[in-house]
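Next up, coords33.csv (CSV, C-alpha atoms):
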```csv
chain,number,residue,atom,x,y,z
W,196,MET,CA,-63.8,69.0,-18.3
W,197,ALA,CA,-60.5,67.2,-18.8
W,198,ARG,CA,-57.0,67.4,-17.4
W,199,ILE,CA,-54.2,66.9,-19.9
W,200,GLU,CA,-50.8,65.9,-18.4
W,201,ASN,CA,-48.1,65.3,-21.0
W,202,ASN,CA,-49.3,62.1,-22.8
W,203,LEU,CA,-52.3,61.4,-20.5
W,204,THR,CA,-55.8,62.8,-20.7
W,205,ILE,CA,-58.2,62.4,-17.8
W,206,PHE,CA,-61.9,63.2,-18.1
W,207,GLY,CA,-63.8,63.9,-14.8
W,208,GLU,CA,-60.8,63.5,-12.5
W,209,GLU,CA,-62.9,64.7,-9.5
W,210,ILE,CA,-65.3,61.7,-9.8
W,211,ILE,CA,-62.6,59.1,-10.4
W,212,ASP,CA,-61.1,57.1,-7.5
W,213,GLN,CA,-57.4,57.9,-7.1
W,214,SER,CA,-56.5,54.2,-7.4
W,215,ALA,CA,-57.7,54.1,-11.0
W,216,ILE,CA,-55.7,57.3,-11.8
W,217,ASP,CA,-52.6,55.7,-10.3
W,218,GLN,CA,-53.2,52.5,-12.4
W,219,ILE,CA,-53.4,54.3,-15.7
W,220,LYS,CA,-50.2,56.2,-15.0
W,221,ARG,CA,-48.4,52.9,-14.5
W,222,CYS,CA,-49.8,51.6,-17.8
W,223,VAL,CA,-48.7,54.6,-20.0
W,224,GLY,CA,-45.0,54.6,-21.0
W,225,PRO,CA,-43.0,57.6,-22.4
W,226,GLU,CA,-43.9,56.6,-26.1
W,227,ASP,CA,-47.6,55.8,-25.3
W,228,LEU,CA,-50.8,57.9,-25.1
W,229,GLY,CA,-53.3,57.3,-22.3
W,230,VAL,CA,-56.9,58.2,-21.6
W,231,LEU,CA,-59.1,57.8,-18.5
W,232,THR,CA,-62.8,58.3,-19.1
W,233,ALA,CA,-65.2,59.7,-16.5
W,234,ASP,CA,-66.7,56.3,-15.7
W,235,ALA,CA,-63.3,54.8,-14.8
W,236,HIS,CA,-62.7,52.7,-11.7
W,237,TYR,CA,-60.1,50.3,-10.3
W,238,GLY,CA,-59.4,47.2,-12.4
W,239,TYR,CA,-57.0,44.3,-12.8
W,240,ASN,CA,-53.6,45.8,-13.9
W,241,HIS,CA,-55.5,48.4,-16.1
W,242,PRO,CA,-58.3,50.6,-14.9
W,243,ILE,CA,-61.8,49.9,-16.3
W,244,GLY,CA,-62.6,53.0,-18.4
W,245,GLY,CA,-59.2,53.5,-19.7
W,246,ALA,CA,-57.5,53.4,-23.1
W,247,VAL,CA,-53.8,53.2,-23.9
W,248,ALA,CA,-52.2,53.6,-27.3
W,249,TYR,CA,-49.0,51.5,-27.4
W,250,LYS,CA,-46.3,52.1,-30.1
W,251,ASN,CA,-45.1,48.5,-30.6
W,252,GLN,CA,-46.9,46.5,-28.0
W,253,VAL,CA,-50.4,45.1,-27.2
W,254,SER,CA,-51.6,44.7,-23.7
W,255,LEU,CA,-53.4,41.5,-22.6
W,256,SER,CA,-54.2,43.1,-19.3
W,257,GLY,CA,-55.8,46.1,-21.2
W,258,VAL,CA,-58.1,43.8,-23.2
W,259,GLY,CA,-58.8,41.8,-20.1
W,260,PHE,CA,-60.4,38.4,-19.6
W,261,ASP,CA,-63.7,39.1,-21.3
W,262,ILE,CA,-62.2,39.7,-24.7
W,263,GLY,CA,-64.6,41.6,-27.0
W,264,CYS,CA,-67.1,42.5,-24.3
W,265,GLY,CA,-69.3,45.1,-25.8
W,266,ASN,CA,-72.8,46.5,-26.4
W,267,LYS,CA,-75.3,46.1,-29.1
W,268,ALA,CA,-78.6,48.1,-29.5
W,269,VAL,CA,-81.2,47.9,-32.1
W,270,ARG,CA,-84.3,50.0,-32.7
W,271,THR,CA,-87.3,47.9,-33.7
W,272,ASN,CA,-90.2,48.7,-36.0
W,273,ILE,CA,-92.7,48.3,-33.2
W,274,LEU,CA,-94.0,50.7,-30.5
W,275,ALA,CA,-93.3,49.9,-26.8
W,276,GLN,CA,-97.0,50.5,-26.0
W,277,ASP,CA,-97.9,47.6,-28.2
W,278,VAL,CA,-95.7,45.1,-26.3
W,279,LYS,CA,-96.6,43.1,-23.2
W,280,ILE,CA,-93.2,43.7,-21.5
W,281,ALA,CA,-93.7,41.3,-18.6
W,282,ARG,CA,-94.5,38.4,-21.0
W,283,ALA,CA,-91.6,39.4,-23.3
W,284,MET,CA,-89.1,39.4,-20.4
W,285,ASP,CA,-90.4,36.0,-19.2
W,286,MET,CA,-89.8,34.6,-22.7
W,287,ILE,CA,-86.3,36.1,-22.8
W,288,VAL,CA,-85.1,34.4,-19.7
W,289,LYS,CA,-86.7,31.2,-20.7
W,290,ASN,CA,-85.1,31.1,-24.1
W,291,ILE,CA,-81.7,32.6,-23.4
W,292,GLY,CA,-79.1,31.3,-20.9
W,293,PHE,CA,-77.7,33.6,-18.3
W,294,GLY,CA,-74.8,33.1,-16.0
W,295,VAL,CA,-71.1,32.3,-16.2
W,296,GLY,CA,-70.4,28.9,-17.7
W,297,ARG,CA,-74.0,28.1,-18.5
W,298,PRO,CA,-74.8,26.5,-21.8
W,299,ASN,CA,-77.4,27.7,-24.3
W,300,PRO,CA,-80.9,26.1,-23.8
W,301,LYS,CA,-80.9,25.6,-27.6
W,302,LYS,CA,-78.1,24.7,-29.9
W,303,VAL,CA,-77.0,27.5,-32.2
W,304,ASP,CA,-75.2,27.1,-35.5
W,305,HIS,CA,-72.9,29.9,-36.7
W,306,PRO,CA,-69.9,30.2,-39.0
W,307,VAL,CA,-67.7,31.4,-36.1
W,308,ILE,CA,-67.7,27.9,-34.7
W,309,ASP,CA,-66.1,26.6,-37.9
W,310,HIS,CA,-63.6,29.5,-37.6
W,311,ILE,CA,-62.7,28.4,-34.1
W,312,ALA,CA,-62.3,24.7,-35.3
W,313,LYS,CA,-59.8,26.0,-37.8
W,314,ALA,CA,-58.2,28.7,-35.6
W,315,ASP,CA,-54.8,30.1,-36.8
W,316,PHE,CA,-53.7,29.8,-33.1
W,317,LYS,CA,-54.2,26.1,-32.8
W,318,PRO,CA,-54.7,25.8,-29.1
W,319,GLN,CA,-58.0,27.7,-29.5
W,320,ARG,CA,-59.3,24.8,-31.6
W,321,GLU,CA,-59.5,22.7,-28.4
W,322,LEU,CA,-62.1,25.3,-27.0
W,323,CYS,CA,-64.5,24.6,-29.9
W,324,LYS,CA,-67.0,22.5,-27.8
W,325,LEU,CA,-67.1,25.1,-25.0
W,326,ALA,CA,-67.6,27.9,-27.5
W,327,ALA,CA,-70.4,26.1,-29.3
W,328,GLU,CA,-72.2,25.3,-26.0
W,329,GLN,CA,-72.1,28.9,-24.8
W,330,LEU,CA,-72.7,30.8,-28.1
W,331,GLY,CA,-75.7,33.0,-27.7
W,332,THR,CA,-75.7,33.1,-23.9
W,333,VAL,CA,-75.3,36.0,-21.5
W,334,GLY,CA,-72.8,36.1,-18.7
W,335,SER,CA,-73.2,37.2,-15.1
W,336,GLY,CA,-72.2,40.4,-13.3
W,337,ASN,CA,-73.3,43.5,-15.2
W,338,HIS,CA,-74.2,41.7,-18.4
W,339,PHE,CA,-77.8,42.2,-19.5
W,340,ILE,CA,-80.6,42.1,-22.0
W,341,ASP,CA,-82.8,45.2,-21.7
W,342,LEU,CA,-85.9,46.6,-23.4
W,343,PHE,CA,-86.2,50.3,-23.8
W,344,GLU,CA,-88.5,53.0,-25.2
W,345,ASP,CA,-87.1,56.0,-27.1
W,346,GLU,CA,-88.5,59.6,-27.5
W,347,LYS,CA,-90.8,58.6,-30.3
W,348,GLY,CA,-92.2,55.5,-28.5
W,349,PHE,CA,-90.2,52.9,-30.4
W,350,LEU,CA,-89.0,49.8,-28.7
W,351,TRP,CA,-85.2,49.2,-28.5
W,352,ILE,CA,-83.3,46.1,-27.5
W,353,GLY,CA,-79.9,46.5,-25.7
W,354,VAL,CA,-77.4,43.8,-24.8
W,355,HIS,CA,-74.1,43.8,-23.0
W,356,PHE,CA,-71.7,40.8,-22.8
W,357,GLY,CA,-68.6,39.4,-24.4
W,358,SER,CA,-66.8,36.2,-25.4
W,359,ARG,CA,-67.9,34.1,-22.5
W,360,GLY,CA,-65.8,31.1,-21.4
W,361,PHE,CA,-64.0,31.0,-24.8
W,362,GLY,CA,-62.5,34.5,-24.2
W,363,HIS,CA,-61.8,33.8,-20.6
W,364,ARG,CA,-59.9,30.6,-21.4
W,365,THR,CA,-58.0,32.4,-24.2
W,366,ALA,CA,-56.9,35.2,-21.9
W,367,SER,CA,-55.9,32.7,-19.2
W,368,GLY,CA,-53.9,30.6,-21.6
W,369,PHE,CA,-51.9,33.6,-22.8
W,370,ILE,CA,-51.2,34.6,-19.2
W,371,ALA,CA,-49.8,31.1,-18.7
W,372,LEU,CA,-47.7,31.4,-21.8
W,373,SER,CA,-46.3,34.8,-20.7
W,374,GLN,CA,-45.2,33.0,-17.5
W,375,GLY,CA,-43.3,30.4,-19.4
W,376,GLY,CA,-45.9,27.7,-19.2
W,377,SER,CA,-48.2,26.1,-21.8
W,378,PHE,CA,-51.6,27.4,-23.0
W,379,THR,CA,-53.4,24.8,-20.9
W,380,ASP,CA,-51.4,25.4,-17.7
W,381,LYS,CA,-53.0,27.2,-14.7
W,382,ALA,CA,-51.6,30.8,-14.7
W,383,ARG,CA,-50.3,32.5,-11.6
W,384,GLU,CA,-52.5,35.5,-10.7
W,385,SER,CA,-50.6,38.8,-10.2
W,386,ALA,CA,-51.7,41.5,-7.8
W,387,MET,CA,-54.4,44.0,-8.9
W,388,ASP,CA,-51.7,46.6,-9.2
W,389,GLY,CA,-49.3,44.4,-11.0
W,390,SER,CA,-47.6,45.5,-14.2
W,391,PRO,CA,-49.7,45.0,-17.3
W,392,ILE,CA,-48.8,42.0,-19.5
W,393,LEU,CA,-47.4,43.4,-22.7
W,394,PHE,CA,-46.5,41.5,-25.9
W,395,ASP,CA,-44.2,42.9,-28.5
W,396,ILE,CA,-46.3,42.9,-31.7
W,397,ASN,CA,-43.4,41.6,-33.7
W,398,SER,CA,-42.9,38.6,-31.5
W,399,GLY,CA,-44.4,35.2,-32.0
W,400,ILE,CA,-46.5,35.4,-28.9
W,401,GLY,CA,-47.6,38.9,-29.8
W,402,GLN,CA,-48.8,37.8,-33.3
W,403,ASP,CA,-50.5,34.7,-31.8
W,404,TYR,CA,-52.3,36.9,-29.2
W,405,ILE,CA,-53.5,39.3,-31.8
W,406,ALA,CA,-54.9,36.4,-33.9
W,407,ALA,CA,-56.5,34.8,-30.9
W,408,MET,CA,-58.0,38.1,-29.7
W,409,ALA,CA,-59.5,38.8,-33.1
W,410,LEU,CA,-61.2,35.4,-33.1
W,411,ALA,CA,-62.6,35.9,-29.6
W,412,GLY,CA,-63.9,39.3,-30.7
W,413,GLU,CA,-65.6,37.7,-33.7
W,414,TYR,CA,-67.2,35.2,-31.3
W,415,ALA,CA,-68.4,38.0,-29.0
W,416,TYR,CA,-69.9,39.9,-32.0
W,417,ALA,CA,-71.7,36.7,-33.1
W,418,GLY,CA,-73.0,36.0,-29.6
W,419,ARG,CA,-74.6,39.5,-29.4
W,420,ASP,CA,-76.0,39.2,-32.9
W,421,ILE,CA,-77.6,35.8,-32.0
W,422,VAL,CA,-79.1,37.1,-28.7
W,423,VAL,CA,-80.6,40.2,-30.3
W,424,ASP,CA,-82.0,38.1,-33.2
W,425,THR,CA,-83.6,35.8,-30.6
W,426,VAL,CA,-85.2,38.7,-28.8
W,427,LEU,CA,-86.5,40.1,-32.2
W,428,ASP,CA,-88.1,36.7,-32.8
W,429,ILE,CA,-89.7,36.7,-29.4
W,430,LEU,CA,-91.1,40.2,-30.1
W,431,GLY,CA,-92.1,39.4,-33.7
W,432,ALA,CA,-90.2,42.5,-34.7
W,433,GLN,CA,-87.6,43.7,-37.2
W,434,ALA,CA,-84.5,45.9,-36.6
W,435,THR,CA,-84.6,49.3,-38.2
W,436,GLU,CA,-81.2,50.5,-36.9
W,437,SER,CA,-78.3,48.7,-35.3
W,438,ILE,CA,-75.4,50.0,-33.2
W,439,HIS,CA,-72.6,47.5,-32.2
W,440,ASN,CA,-69.2,48.0,-30.5
W,441,HIS,CA,-66.6,46.2,-28.5
W,442,HIS,CA,-65.3,48.0,-25.4
W,443,ASN,CA,-62.7,45.4,-24.3
W,444,PHE,CA,-60.4,45.1,-27.3
W,445,ALA,CA,-57.3,46.3,-29.1
W,446,TRP,CA,-57.3,48.0,-32.5
W,447,PHE,CA,-54.5,49.2,-34.9
W,448,GLU,CA,-55.2,52.9,-35.3
W,449,ARG,CA,-53.6,56.2,-36.3
W,450,HIS,CA,-53.6,59.0,-33.7
W,451,GLN,CA,-51.9,62.3,-33.8
W,452,GLY,CA,-49.9,61.3,-36.9
W,453,GLU,CA,-48.5,58.1,-35.5
W,454,ASP,CA,-49.6,54.4,-35.7
W,455,TYR,CA,-50.5,52.6,-32.4
W,456,TRP,CA,-52.1,49.5,-31.0
W,457,VAL,CA,-55.0,51.1,-29.0
W,458,VAL,CA,-56.2,49.0,-26.1
W,459,ARG,CA,-59.6,50.0,-24.7
W,460,LYS,CA,-60.8,48.4,-21.5
W,461,GLY,CA,-64.4,49.3,-20.5
W,462,CYS,CA,-64.0,52.2,-23.0
W,463,THR,CA,-66.1,52.7,-26.2
W,464,PRO,CA,-64.6,53.8,-29.5
W,465,ALA,CA,-66.2,57.1,-30.6
W,466,PHE,CA,-64.7,58.3,-33.9
W,467,PRO,CA,-66.5,61.2,-35.6
W,468,GLY,CA,-69.8,59.8,-36.9
W,469,GLN,CA,-69.4,56.5,-35.1
W,470,LYS,CA,-72.4,55.6,-32.9
W,471,GLY,CA,-72.4,53.8,-29.6
W,472,PHE,CA,-74.9,52.4,-27.1
W,473,ILE,CA,-74.0,53.4,-23.5
W,474,GLY,CA,-75.9,51.6,-20.7
W,475,ALA,CA,-76.6,53.3,-17.4
W,476,ASN,CA,-77.9,51.1,-14.5
W,477,MET,CA,-81.1,49.0,-14.3
W,478,SER,CA,-83.4,52.0,-13.5
W,479,ASP,CA,-81.9,55.0,-15.2
W,480,ASN,CA,-82.0,56.1,-18.8
W,481,SER,CA,-79.4,54.8,-21.3
W,482,VAL,CA,-78.2,56.6,-24.4
W,483,ILE,CA,-77.2,56.3,-28.0
W,484,ILE,CA,-74.2,58.6,-28.7
W,485,GLU,CA,-72.2,59.6,-31.7
W,486,GLY,CA,-68.5,60.6,-31.8
W,487,VAL,CA,-67.7,64.3,-32.7
W,488,GLU,CA,-64.6,65.8,-34.2
W,489,SER,CA,-62.8,68.1,-31.7
W,490,GLU,CA,-59.4,68.8,-30.3
W,491,LEU,CA,-60.5,67.1,-27.1
W,492,ALA,CA,-61.7,64.1,-29.0
W,493,VAL,CA,-58.2,63.8,-30.6
W,494,ARG,CA,-56.6,64.0,-27.1
W,495,GLY,CA,-59.1,61.4,-25.9
W,496,LEU,CA,-58.1,58.9,-28.6
W,497,TYR,CA,-61.7,59.1,-29.9
W,498,SER,CA,-62.8,57.1,-26.8
W,499,THR,CA,-65.7,57.5,-24.5
W,500,VAL,CA,-67.4,55.8,-21.5
W,501,HIS,CA,-69.0,52.3,-21.7
W,502,GLY,CA,-71.3,52.8,-18.8
W,503,ALA,CA,-71.9,54.8,-15.7
W,504,GLY,CA,-69.0,53.3,-13.7
W,505,ARG,CA,-69.1,51.7,-10.3
W,506,VAL,CA,-68.9,53.6,-7.0
W,507,LEU,CA,-69.3,50.5,-4.8
W,508,SER,CA,-67.4,47.3,-5.2
W,509,ARG,CA,-69.5,44.1,-5.5
W,510,ARG,CA,-68.6,43.1,-2.0
W,511,ALA,CA,-69.5,46.5,-0.5
W,512,ALA,CA,-72.8,46.4,-2.3
W,513,ALA,CA,-73.8,42.8,-1.7
W,514,GLY,CA,-71.8,41.9,1.3
W,515,LYS,CA,-69.5,38.9,1.8
W,516,THR,CA,-70.9,35.7,0.5
W,517,LYS,CA,-70.0,32.0,0.1
W,518,TRP,CA,-71.4,29.1,-1.8
W,519,ILE,CA,-72.6,26.0,0.2
W,520,ARG,CA,-74.4,22.9,-0.9
W,521,ASP,CA,-77.9,22.4,0.5
W,522,ALA,CA,-79.4,19.0,1.5
W,523,LYS,CA,-80.0,18.2,-2.2
W,524,GLY,CA,-76.4,19.0,-3.1
W,525,VAL,CA,-77.3,22.2,-4.9
W,526,LYS,CA,-74.8,25.1,-4.5
W,527,ARG,CA,-76.5,28.2,-3.1
W,528,LYS,CA,-75.1,31.6,-2.1
W,529,THR,CA,-75.1,32.4,1.6
W,530,VAL,CA,-74.5,35.9,3.0
W,531,VAL,CA,-71.8,35.9,5.6
W,532,LYS,CA,-71.7,39.6,6.1
W,533,PRO,CA,-74.5,42.0,4.8
W,534,GLY,CA,-73.7,44.6,2.3
W,535,LEU,CA,-74.8,48.2,2.0
W,536,ILE,CA,-77.6,47.6,-0.5
W,537,ASP,CA,-81.1,46.5,0.5
W,538,PHE,CA,-82.0,44.6,-2.7
W,539,GLU,CA,-85.6,44.0,-1.7
W,540,ALA,CA,-86.1,47.7,-1.6
W,541,VAL,CA,-84.4,48.0,-5.0
W,542,GLN,CA,-86.9,45.4,-6.4
W,543,GLN,CA,-89.8,47.3,-4.9
W,544,ARG,CA,-88.7,50.6,-6.5
W,545,MET,CA,-88.3,48.8,-9.9
W,546,LYS,CA,-91.9,47.7,-9.6
W,547,GLU,CA,-93.1,51.2,-8.7
W,548,ASN,CA,-91.2,52.5,-11.8
W,549,ARG,CA,-92.9,49.8,-13.9
W,550,ILE,CA,-89.6,48.2,-14.9
W,551,GLU,CA,-89.8,44.5,-15.3
W,552,LEU,CA,-86.8,43.0,-13.6
W,553,ARG,CA,-85.6,39.4,-14.0
W,554,GLY,CA,-82.6,38.3,-12.0
W,555,ALA,CA,-79.8,40.6,-10.8
W,556,GLY,CA,-78.7,41.2,-7.2
W,557,ALA,CA,-77.5,43.8,-4.8
W,558,ASP,CA,-74.2,44.2,-6.5
W,559,GLU,CA,-76.0,45.5,-9.6
W,560,ALA,CA,-78.3,48.0,-7.7
W,561,PRO,CA,-78.5,51.5,-9.1
W,562,GLU,CA,-76.8,52.8,-5.9
W,563,ALA,CA,-73.6,50.9,-6.9
W,564,TYR,CA,-73.1,53.1,-9.9
W,565,LYS,CA,-72.5,56.7,-10.8
W,566,LYS,CA,-75.2,58.6,-12.6
W,567,LEU,CA,-74.7,58.3,-16.3
W,568,GLU,CA,-75.9,61.8,-17.0
W,569,ASP,CA,-73.2,63.1,-14.7
W,570,VAL,CA,-70.5,61.0,-16.3
W,571,LEU,CA,-71.4,62.0,-19.8
W,572,LYS,CA,-71.0,65.7,-19.0
W,573,TYR,CA,-67.3,65.3,-18.3
W,574,GLN,CA,-66.8,64.0,-21.9
W,575,GLY,CA,-67.3,67.5,-23.2
W,576,ASN,CA,-67.6,68.0,-27.0
W,577,THR,CA,-66.2,64.6,-27.8
W,578,ILE,CA,-69.7,63.1,-28.3
W,579,LYS,CA,-73.3,64.0,-28.8
W,580,ILE,CA,-76.4,62.2,-27.6
W,581,LEU,CA,-78.7,61.0,-30.3
W,582,HIS,CA,-81.3,59.1,-28.3
W,583,THR,CA,-82.4,58.7,-24.7
W,584,LEU,CA,-83.7,55.2,-23.9
W,585,ARG,CA,-86.0,54.6,-20.9
W,586,PRO,CA,-85.8,51.1,-19.4
W,587,LEU,CA,-88.9,48.9,-19.5
W,588,GLY,CA,-87.4,45.5,-18.9
W,589,VAL,CA,-84.1,44.3,-17.4
W,590,ALA,CA,-82.8,40.7,-17.5
W,591,MET,CA,-79.5,39.7,-15.8
W,592,ALA,CA,-78.1,36.6,-14.2
W,593,GLY,CA,-79.7,36.1,-10.7
W,594,GLU,CA,-77.6,36.3,-7.5
W,595,ASP,CA,-78.2,32.6,-7.1
W,596,VAL,CA,-76.2,31.8,-10.2
W,597,TYR,CA,-73.1,29.9,-9.4
W,598,ASP,CA,-69.8,31.0,-11.1
W,599,PRO,CA,-67.8,27.8,-11.9
W,600,TYR,CA,-64.6,29.7,-12.7
W,601,LYS,CA,-64.3,30.6,-9.0
W,602,GLU,CA,-64.8,27.1,-7.6
```

Written as structure tokens, that's how I'd like the structure from this file.
Amino acid sequence: MARIENNLTIFGEEIIDQSAIDQIKRCVGPEDLGVLTADAHYGYNHPIGGAVAYKNQVSLSGVGFDIGCGNKAVRTNILAQDVKIARAMDMIVKNIGFGVGRPNPKKVDHPVIDHIAKADFKPQRELCKLAAEQLGTVGSGNHFIDLFEDEKGFLWIGVHFGSRGFGHRTASGFIALSQGGSFTDKARESAMDGSPILFDINSGIGQDYIAAMALAGEYAYAGRDIVVDTVLDILGAQATESIHNHHNFAWFERHQGEDYWVVRKGCTPAFPGQKGFIGANMSDNSVIIEGVESELAVRGLYSTVHGAGRVLSRRAAAGKTKWIRDAKGVKRKTVVKPGLIDFEAVQQRMKENRIELRGAGADEAPEAYKKLEDVLKYQGNTIKILHTLRPLGVAMAGEDVYDPYKE
């Protein structure tokens, strides 16, 4: 199930691309501990689906740009058969903003905005307006709001997204600082296989980063709470159980008798008794898991998958695209070179499976991902499955949503 090599544990090596394995090996130093989960794939400096326990450092690259990205799932007190799923999905996309950089259709008040206005790391205070506008919105890419049915027929809500533009600007600012610039300077991008950006936890920038990261994580948690509460209001339902985790974050933890800063990137914490929501793809079953005590779990830093893991890059799935302005000046995505996925066929299959799809695109098609059930098998006796969730409705940013960060 897992290969253990000195201070590195790899789950499902045979289904992980070699480039991701090479990346994790570059990230793990002699004093560190590393893990690669079975959903892992190539990422920016750190592989997605990896965890590294650093002795006296914290890795900005390991946390990534979407600080505090994570999943939340709640079981409701209503049965799926009593809900008009199509109407509910229409209301969700009407009342919640989707897409990178998009503001919330309705202003949301939350204590986290006051915390940002008084942030210990003062440059974050300048991001208060952006944070307020995007609080309670969902990003693009693989970020979603889904409705599910469990084994007993109860309706569940599942969401996946992070700290939006606030987290992205925070990460970008610290990259600029690491290069000798100011927080507001434009950072120079390194190569995908570049060395991870590490901060000594006892340095000024290290302490500033930890404080800024914690605030971005608080913001991400607040956003997911707000979105779930909005969906509960739409459904006229109450939550009877809640599961909530980050999977892009750093925690101070004790492992194998030593203290570490553990960075998980696309990797869910799964300590014994800790529950997690693991999403699959838009058409397959997702799961609620719980961490289990075992020797393998110890070696795995009590970490598990955060999803199924990609097998096709976004470009391979959707093709090469570019944004052009139409006659009315509106930016629209144009396909320059077709990809491998026929998204119209995907949409038709979703209809046949009675899954209400709103938005998404070829880069999020089921074929772009591994099978979650296959990935979970490689985690061995580190987790157990508590619930299997069948998808009823899926809402994501549409492929026509423009990403202003790439302009």

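When only C-alpha atoms are used to compute distances to Lys579 (chain W), the closest of the residues W:Ala314, W:Ala386, W:Ile536, W:Val482 turns out to be W:Val482.
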
Problem set entry | From W:Ala215, W:Leu325, W:Ile291, W:Ile280, residue lying nearest Gly238 (chain W) [all atoms listed in the file] |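 Among W:Ala215, W:Leu325, W:Ile291, W:Ile280, it is W:Ala215 that comes nearest to Gly238 (chain W).
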
Problem set entry | Within 8 Å of Arg510 (chain W) using only C-alpha atoms, minus same-chain residues under 4 positions, as a ChimeraX atom specification | /W:514-515,534,558

Problem set entry | Straight-line distance linking CA of Ser254 (chain W) with CA of Ala445 (chain W), stated in Å to one decimal |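 Value for the CA of Ser254 (chain W)-CA of Ala445 (chain W) distance: 8.0 Å.
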
Near Arg320 (chain W), within 12 Å and counting all atoms listed in the file, which residues show up once chain neighbours fewer than 3 positions away are dropped, as a short mmCIF file (atom, residue, chain, number, x, y, z; two decimals) with C-alpha atoms, in the coordinates of the input?
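Output (part10.cif):
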```cif
data_model
loop_
_atom_site.label_atom_id
_atom_site.label_comp_id
_atom_site.auth_asym_id
_atom_site.auth_seq_id
_atom_site.Cartn_x
_atom_site.Cartn_y
_atom_site.Cartn_z
CA VAL W 307 -67.70 31.40 -36.10
CA ILE W 308 -67.70 27.90 -34.70
CA ASP W 309 -66.10 26.60 -37.90
CA HIS W 310 -63.60 29.50 -37.60
CA ILE W 311 -62.70 28.40 -34.10
CA ALA W 312 -62.30 24.70 -35.30
CA LYS W 313 -59.80 26.00 -37.80
CA ALA W 314 -58.20 28.70 -35.60
CA ASP W 315 -54.80 30.10 -36.80
CA PHE W 316 -53.70 29.80 -33.10
CA LYS W 317 -54.20 26.10 -32.80
CA CYS W 323 -64.50 24.60 -29.90
CA LYS W 324 -67.00 22.50 -27.80
CA LEU W 325 -67.10 25.10 -25.00
CA ALA W 326 -67.60 27.90 -27.50
CA ALA W 327 -70.40 26.10 -29.30
CA PHE W 361 -64.00 31.00 -24.80
CA ARG W 364 -59.90 30.60 -21.40
CA THR W 365 -58.00 32.40 -24.20
CA PHE W 378 -51.60 27.40 -23.00
CA ALA W 407 -56.50 34.80 -30.90
CA LEU W 410 -61.20 35.40 -33.10
CA ALA W 411 -62.60 35.90 -29.60
#
```

For this session: Considering all atoms listed in the file, state which residue in the set W:Gly334, W:Pro533, W:Gly588, W:Pro464 is at the smallest distance from Val230 (chain W).
Result: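 Looking only at the distances to Val230 (chain W), the closest residue turns out to be W:Pro464.
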
For this session: Check the smallest atom-to-atom distance from each of W:Lys470, W:Gly336, W:Gly486, W:Phe343 to Ala592 (chain W) using only C-alpha atoms, then report the winner.
Result: W:Gly336

For this session: Give the answer as one residue: which of W:Gly245, W:Gly348, W:Gly554, W:Gly418 has the shortest atom-to-atom distance to Arg270 (chain W), using only C-alpha atoms?
Result: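 Ranked by minimum distance to Arg270 (chain W), first place goes to W:Gly348.
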
For this session: Might you pull out every residue within 9 Å of Ala563 (chain W), with only C-alpha atoms counted and same-chain residues fewer than 3 positions away left off, and present them as a ChimeraX atom specification?
Result: /W:476,504-509,511-512,536,557-560

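Using all atoms listed in the file, the shortest contact distance between His582 (chain W) and any of W:Ala246, W:Ile421, W:Cys462, W:Ile438 is found at W:Ile438.
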
Problem set entry | Distance query 9 Å from (-75.6, 37.4, -17.3) using all atoms listed in the file, result as number ranges by chain | W: 292-295, 332-340, 355-356, 554-555, 590-593

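The neighbours of Met545 (chain W) here are the residues that come within 9 Å of it, using only C-alpha atoms and leaving out any residue fewer than 5 positions away in the same chain; they are Met477, Ser478, Ala540, Ile550, Glu551 and Leu552 of chain W.
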
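What separates CA of Gly431 (chain W) from CA of Val269 (chain W) is a distance of 13.9 Å.
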
Extract, using all atoms listed in the file, all DNA, RNA and protein residues at most 9 Å from Leu350 (chain W), discarding same-chain residues fewer than 2 positions from it, and format them as a short mmCIF file (atom, residue, chain, number, x, y, z; two decimals) with C-alpha atoms, in the frame of the given file.
```
data_model
loop_
_atom_site.label_atom_id
_atom_site.label_comp_id
_atom_site.auth_asym_id
_atom_site.auth_seq_id
_atom_site.Cartn_x
_atom_site.Cartn_y
_atom_site.Cartn_z
CA VAL W 269 -81.20 47.90 -32.10
CA ARG W 270 -84.30 50.00 -32.70
CA THR W 271 -87.30 47.90 -33.70
CA ASN W 272 -90.20 48.70 -36.00
CA ILE W 273 -92.70 48.30 -33.20
CA LEU W 274 -94.00 50.70 -30.50
CA ALA W 275 -93.30 49.90 -26.80
CA GLN W 276 -97.00 50.50 -26.00
CA VAL W 278 -95.70 45.10 -26.30
CA LEU W 342 -85.90 46.60 -23.40
CA PHE W 343 -86.20 50.30 -23.80
CA GLU W 344 -88.50 53.00 -25.20
CA ASP W 345 -87.10 56.00 -27.10
CA GLY W 348 -92.20 55.50 -28.50
CA ILE W 352 -83.30 46.10 -27.50
CA LEU W 584 -83.70 55.20 -23.90
#
```

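Coordinates place CA of Glu413 (chain W) at a distance of 19.1 Å from CA of Ser256 (chain W).
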